[in-house]
Amino acid sequence: MQYRKLGQSDIEATAIGLGTWAIGGDSQWGHSDDKTSIYAIHEAIDQGITLIDTAPAYGLGHSEEVVGKAIAGKRDDIVLISKCGLIWDNTEGCALLMHRDGVDVCRNLAAGSIIEQVERTLKRLNTDYLDVLLTHWQAVPPNKTPIEETMGAMDRLIEQGKIRAVGACNVTPDEIRTYASCGKVAIIQQKYSMLDRTVEQNGIMDTCEELGITFQAYSPLERGLLTGKVTMQTEAVGNAKKSLRFYAPEERQKVLAMLEQFKPLCEKYETSLASLAIAWTVARKPFMNVLCGARKPEQVSDNAAGGSLILEQEDLELMDRLSAWASEEA
Ligand SMILES: NC(=O)c1ccc[n+]([C@@H]2O[C@H](COP(=O)([O-])OP(=O)(O)OC[C@H]3O[C@@H](n4cnc5c(N)ncnc54)[C@H](OP(=O)(O)O)[C@@H]3O)[C@@H](O)[C@H]2O)c1
């Protein structure tokens, strides 16, 4: 397993982490079996993965609760990331992110709210600290809290020992610079896969590199598509998959044709398509950190193999060429 430092913090973690969004279930992913999810988290720890990412919004608190149960007695072996900025009660005056599962999920990065949100997160996770707290979705009018205020609240949480480091998700390059002007930023978390390289084109990746911030890729498997388990007949269950460009039939056809061309590489390295895609992503940048979502133990062990697989340069370039169409057509 490869290890990497998180930004300029003193926190080191495996280059791949376990993402627990699907473990939250609900309308985003469809039903998740908690017992299997706990086995999956234990499998990650057994495989040597030290990084776990969750968020209050994943299953409206459910993912954090399941992670809390799974890491009981193992807390200090794990680098635990959770988030703030999305609430679904006392939402008056807050901008709506989406209506789902009978509630309005709204944005709130005001200082007082962050302090309360983190207290609830710690309770659900049954821990007294987070290694990294990320802002999940950025503030917009009518409650566009200045980043300075948000960072001030996160600083207070660091002083109180409730979090060790901070970061942000789903930002613009300008927002990254504002965060960095207010304090140390360990992680920027954003969507990235071989099919979706938007962050290489819009300046986010370059800004992270320039400022010494870890870029943390989410959805590196395009929510299961790049594992090869999805066929043209597979029904996409849950909004998380349905909302992806590459699940649409025309795009899916192109993805499946691309995966066929990867199969000789799977034979060469005696590995799966999932671990091949993960190894490609990890190799992309030395300051990259890759969050692989999974809710079954066998998925976790498959993905863990990608965290230690080193691909030869010519194979990385071949995969680069075979997948470049998706970004060129975007
Ligand atoms: N900050 C943000 O806004 C944000 C947004 C998205 C994600 N994230 C984080 O990043 C993590 C990863 O992203 P993601 O979960 O969206 O997408 P992903 O990692 O691309 O895909 C995860 C899904 O792919 C399937 N899968 C994974 N490994 C597999 C394997 N080896 N074989 C077969 N199927 C496999 C599973 O689907 P099934 O469970 O259906 O089998 C799994 O839930 C999330 O869990 C979350 O922690 C953050």
# chains A, B, ... in the order shown; residues from 1 in each chain; ligands from 1

$ residues_near_ligand --ligand "ligand 1" --cutoff "6 Å" --atoms "only C-alpha atoms and all ligand atoms" --output "PyMOL selection string"
chain A and resi 19-22+53-54+136+169+189+218-224+227+229+274+291-295+299+302-303

$ residues_around --residues "Arg252 in chain A" --least-positions-apart "6" --cutoff "12 Å" --atoms "only C-alpha atoms" --output "PDB file with C-alpha atoms, in the first residue's frame"
ATOM      1  CA  LEU A 195     -13.315   9.785 -17.807  1.00  0.00           C
ATOM      2  CA  GLU A 222     -17.556   6.453 -11.981  1.00  0.00           C
ATOM      3  CA  GLY A 224     -19.124   1.293 -10.455  1.00  0.00           C
ATOM      4  CA  LEU A 225     -18.976   1.764 -14.244  1.00  0.00           C
ATOM      5  CA  LEU A 226     -15.189   1.392 -14.459  1.00  0.00           C
ATOM      6  CA  GLY A 228     -16.702  -3.726 -15.579  1.00  0.00           C
ATOM      7  CA  VAL A 230     -22.158  -2.753 -15.393  1.00  0.00           C
ATOM      8  CA  THR A 231     -23.586  -3.945 -18.735  1.00  0.00           C
ATOM      9  CA  MET A 232     -25.966  -2.206 -21.148  1.00  0.00           C
ATOM     10  CA  GLN A 233     -28.787  -4.068 -19.378  1.00  0.00           C
ATOM     11  CA  THR A 234     -27.844  -3.008 -15.807  1.00  0.00           C
ATOM     12  CA  GLU A 235     -30.395  -0.667 -14.280  1.00  0.00           C
ATOM     13  CA  ALA A 236     -28.819   2.302 -12.493  1.00  0.00           C
ATOM     14  CA  LYS A 241     -25.601   6.688 -10.543  1.00  0.00           C
ATOM     15  CA  LYS A 242     -28.537   8.056 -12.537  1.00  0.00           C
ATOM     16  CA  LEU A 244     -23.797  10.526 -14.068  1.00  0.00           C
ATOM     17  CA  ARG A 245     -23.216  11.357 -17.720  1.00  0.00           C
ATOM     18  CA  PHE A 246     -21.573   7.980 -18.393  1.00  0.00           C
ATOM     19  CA  MET A 258     -13.007   1.185 -23.769  1.00  0.00           C
ATOM     20  CA  LEU A 259     -13.003  -1.383 -20.946  1.00  0.00           C
ATOM     21  CA  ALA A 326     -14.453  11.354 -22.610  1.00  0.00           C
TER      22      ALA A 326
END

$ residues_around --residues "Thr271 in chain A" --least-positions-apart "3" --cutoff "12 Å" --atoms "only C-alpha atoms" --output "PyMOL selection string"
chain A and resi 227+262-268+274-279+301-311

$ write_last_selection --atoms "N, CA and C atoms" --output "CSV table (one decimal), in the first residue's frame"
chain,number,residue,atom,x,y,z
A,227,THR,N,-15.6,-0.6,-13.1
A,227,THR,CA,-15.2,-1.9,-12.5
A,227,THR,C,-15.6,-3.0,-13.5
A,262,PHE,N,-9.1,-2.6,-22.2
A,262,PHE,CA,-8.2,-2.6,-21.0
A,262,PHE,C,-7.9,-4.1,-20.6
A,263,LYS,N,-8.7,-5.0,-21.2
A,263,LYS,CA,-8.7,-6.4,-20.7
A,263,LYS,C,-7.3,-7.1,-20.8
A,264,PRO,N,-6.5,-6.8,-21.9
A,264,PRO,CA,-5.2,-7.4,-22.0
A,264,PRO,C,-4.3,-6.9,-20.8
A,265,LEU,N,-4.5,-5.7,-20.3
A,265,LEU,CA,-3.8,-5.2,-19.2
A,265,LEU,C,-4.1,-5.9,-17.9
A,266,CYS,N,-5.4,-6.2,-17.8
A,266,CYS,CA,-5.9,-7.0,-16.6
A,266,CYS,C,-5.1,-8.4,-16.6
A,267,GLU,N,-5.0,-9.0,-17.8
A,267,GLU,CA,-4.3,-10.3,-17.9
A,267,GLU,C,-2.8,-10.1,-17.5
A,268,LYS,N,-2.2,-9.0,-18.1
A,268,LYS,CA,-0.8,-8.8,-17.9
A,268,LYS,C,-0.5,-8.6,-16.4
A,274,ALA,N,-11.3,-2.8,-11.9
A,274,ALA,CA,-11.4,-1.8,-10.8
A,274,ALA,C,-10.0,-1.4,-10.3
A,275,SER,N,-9.2,-2.4,-10.0
A,275,SER,CA,-7.8,-2.1,-9.5
A,275,SER,C,-7.0,-1.4,-10.5
A,276,LEU,N,-7.2,-1.7,-11.8
A,276,LEU,CA,-6.4,-1.0,-12.9
A,276,LEU,C,-6.8,0.5,-12.9
A,277,ALA,N,-8.1,0.7,-12.8
A,277,ALA,CA,-8.6,2.2,-12.8
A,277,ALA,C,-8.0,2.9,-11.6
A,278,ILE,N,-8.0,2.3,-10.5
A,278,ILE,CA,-7.5,2.9,-9.3
A,278,ILE,C,-6.0,3.2,-9.4
A,279,ALA,N,-5.3,2.2,-9.8
A,279,ALA,CA,-3.8,2.3,-10.0
A,279,ALA,C,-3.5,3.5,-10.9
A,301,SER,N,-11.6,-5.4,-1.0
A,301,SER,CA,-10.3,-6.0,-1.3
A,301,SER,C,-9.9,-5.9,-2.7
A,302,ASP,N,-10.8,-5.9,-3.6
A,302,ASP,CA,-10.5,-5.6,-5.0
A,302,ASP,C,-9.8,-4.2,-5.2
A,303,ASN,N,-10.5,-3.2,-4.6
A,303,ASN,CA,-10.0,-1.9,-4.7
A,303,ASN,C,-8.6,-1.7,-4.0
A,304,ALA,N,-8.5,-2.4,-2.9
A,304,ALA,CA,-7.2,-2.3,-2.1
A,304,ALA,C,-6.0,-2.7,-3.0
A,305,ALA,N,-6.3,-3.7,-3.8
A,305,ALA,CA,-5.2,-4.2,-4.7
A,305,ALA,C,-4.7,-3.1,-5.6
A,306,GLY,N,-5.6,-2.2,-6.0
A,306,GLY,CA,-5.2,-1.0,-6.8
A,306,GLY,C,-4.3,-0.1,-6.1
A,307,GLY,N,-4.4,0.0,-4.8
A,307,GLY,CA,-3.6,0.9,-4.0
A,307,GLY,C,-2.1,0.5,-3.9
A,308,SER,N,-1.9,-0.8,-4.3
A,308,SER,CA,-0.4,-1.2,-4.3
A,308,SER,C,0.1,-1.6,-5.7
A,309,LEU,N,-0.8,-1.5,-6.7
A,309,LEU,CA,-0.4,-1.9,-8.0
A,309,LEU,C,0.3,-0.7,-8.7
A,310,ILE,N,1.5,-1.0,-9.2
A,310,ILE,CA,2.3,0.0,-9.9
A,310,ILE,C,2.3,-0.4,-11.4
A,311,LEU,N,1.7,0.5,-12.2
A,311,LEU,CA,1.6,0.2,-13.7
A,311,LEU,C,2.9,0.8,-14.4

$ closest_residue --among "A:Ile87, A:Ile163, A:Leu60, A:Leu97" --to "Ile11 in chain A" --atoms "only C-alpha atoms"
A:Ile163

$ closest_atom_pairs --of "range 77-97 of chain A" --to "range 123-127 of chain A" --cutoff "12 Å" --atoms "only C-alpha atoms" --output "Markdown table"
| residue | atom | partner | partner_atom | distance |
| --- | --- | --- | --- | --- |
| A:Ile78 | CA | A:Thr127 | CA | 11.6 |
| A:Leu80 | CA | A:Leu125 | CA | 9.6 |
| A:Ile81 | CA | A:Leu125 | CA | 10.7 |
| A:Ser82 | CA | A:Leu125 | CA | 9.5 |

$ write_last_selection --atoms "N, CA and C atoms" --output "short mmCIF file (atom, residue, chain, number, x, y, z; two decimals), in the first residue's frame"
data_model
loop_
_atom_site.label_atom_id
_atom_site.label_comp_id
_atom_site.auth_asym_id
_atom_site.auth_seq_id
_atom_site.Cartn_x
_atom_site.Cartn_y
_atom_site.Cartn_z
N ILE A 78 -7.01 4.96 12.38
CA ILE A 78 -7.66 5.46 11.15
C ILE A 78 -7.53 6.97 11.04
N LEU A 80 -9.66 9.78 9.92
CA LEU A 80 -11.10 9.90 9.72
C LEU A 80 -11.46 11.30 9.19
N ILE A 81 -12.15 11.29 8.05
CA ILE A 81 -12.57 12.57 7.44
C ILE A 81 -14.09 12.65 7.50
N SER A 82 -14.63 13.79 7.95
CA SER A 82 -16.05 14.04 7.74
C SER A 82 -16.22 15.50 7.28
#

$ residues_around --residues "range 108-110 of chain A" --least-positions-apart "4" --cutoff "9 Å" --atoms "only C-alpha atoms" --output "count of residues only"
22

$ atom_distance --atom1 "CA of Gly73 in chain A" --atom2 "CA of Asp33 in chain A"
21.7 Å

$ select_by_dssp --residues "range 30-267 of chain A" --states "alpha helix (DSSP H)" --output "PyMOL selection string"
chain A and resi 34-46+62-70+111-125+147-159+173-182+198-201+204-211+239-242+249-267

$ residues_around --residues "Ala168 in chain A" --least-positions-apart "2" --cutoff "10 Å" --atoms "only C-alpha atoms" --output "list in words"
Lys83, Cys84, Val132, Leu133, Leu134, Thr135, His136, Trp137, Gln138, Val166, Asn170, Val171, Glu175, Ile176, Tyr179, Val185, Ala186, Ile187, Ile188, Gln189 and Gln190 of chain A

$ residues_around --residues "Ser37 in chain A" --least-positions-apart "3" --cutoff "9 Å" --atoms "only C-alpha atoms" --output "VMD selection string"
chain A and resid 20 23 32 to 34 40 to 42 66 to 67 70 294 to 297

$ atom_distance --atom1 "CA of Asn289 in chain A" --atom2 "CA of Glu270 in chain A"
23.7 Å

$ closest_residue --among "A:Leu273, A:Met194, A:Met288, A:Ala324" --to "Gly212 in chain A" --atoms "only C-alpha atoms"
A:Met288
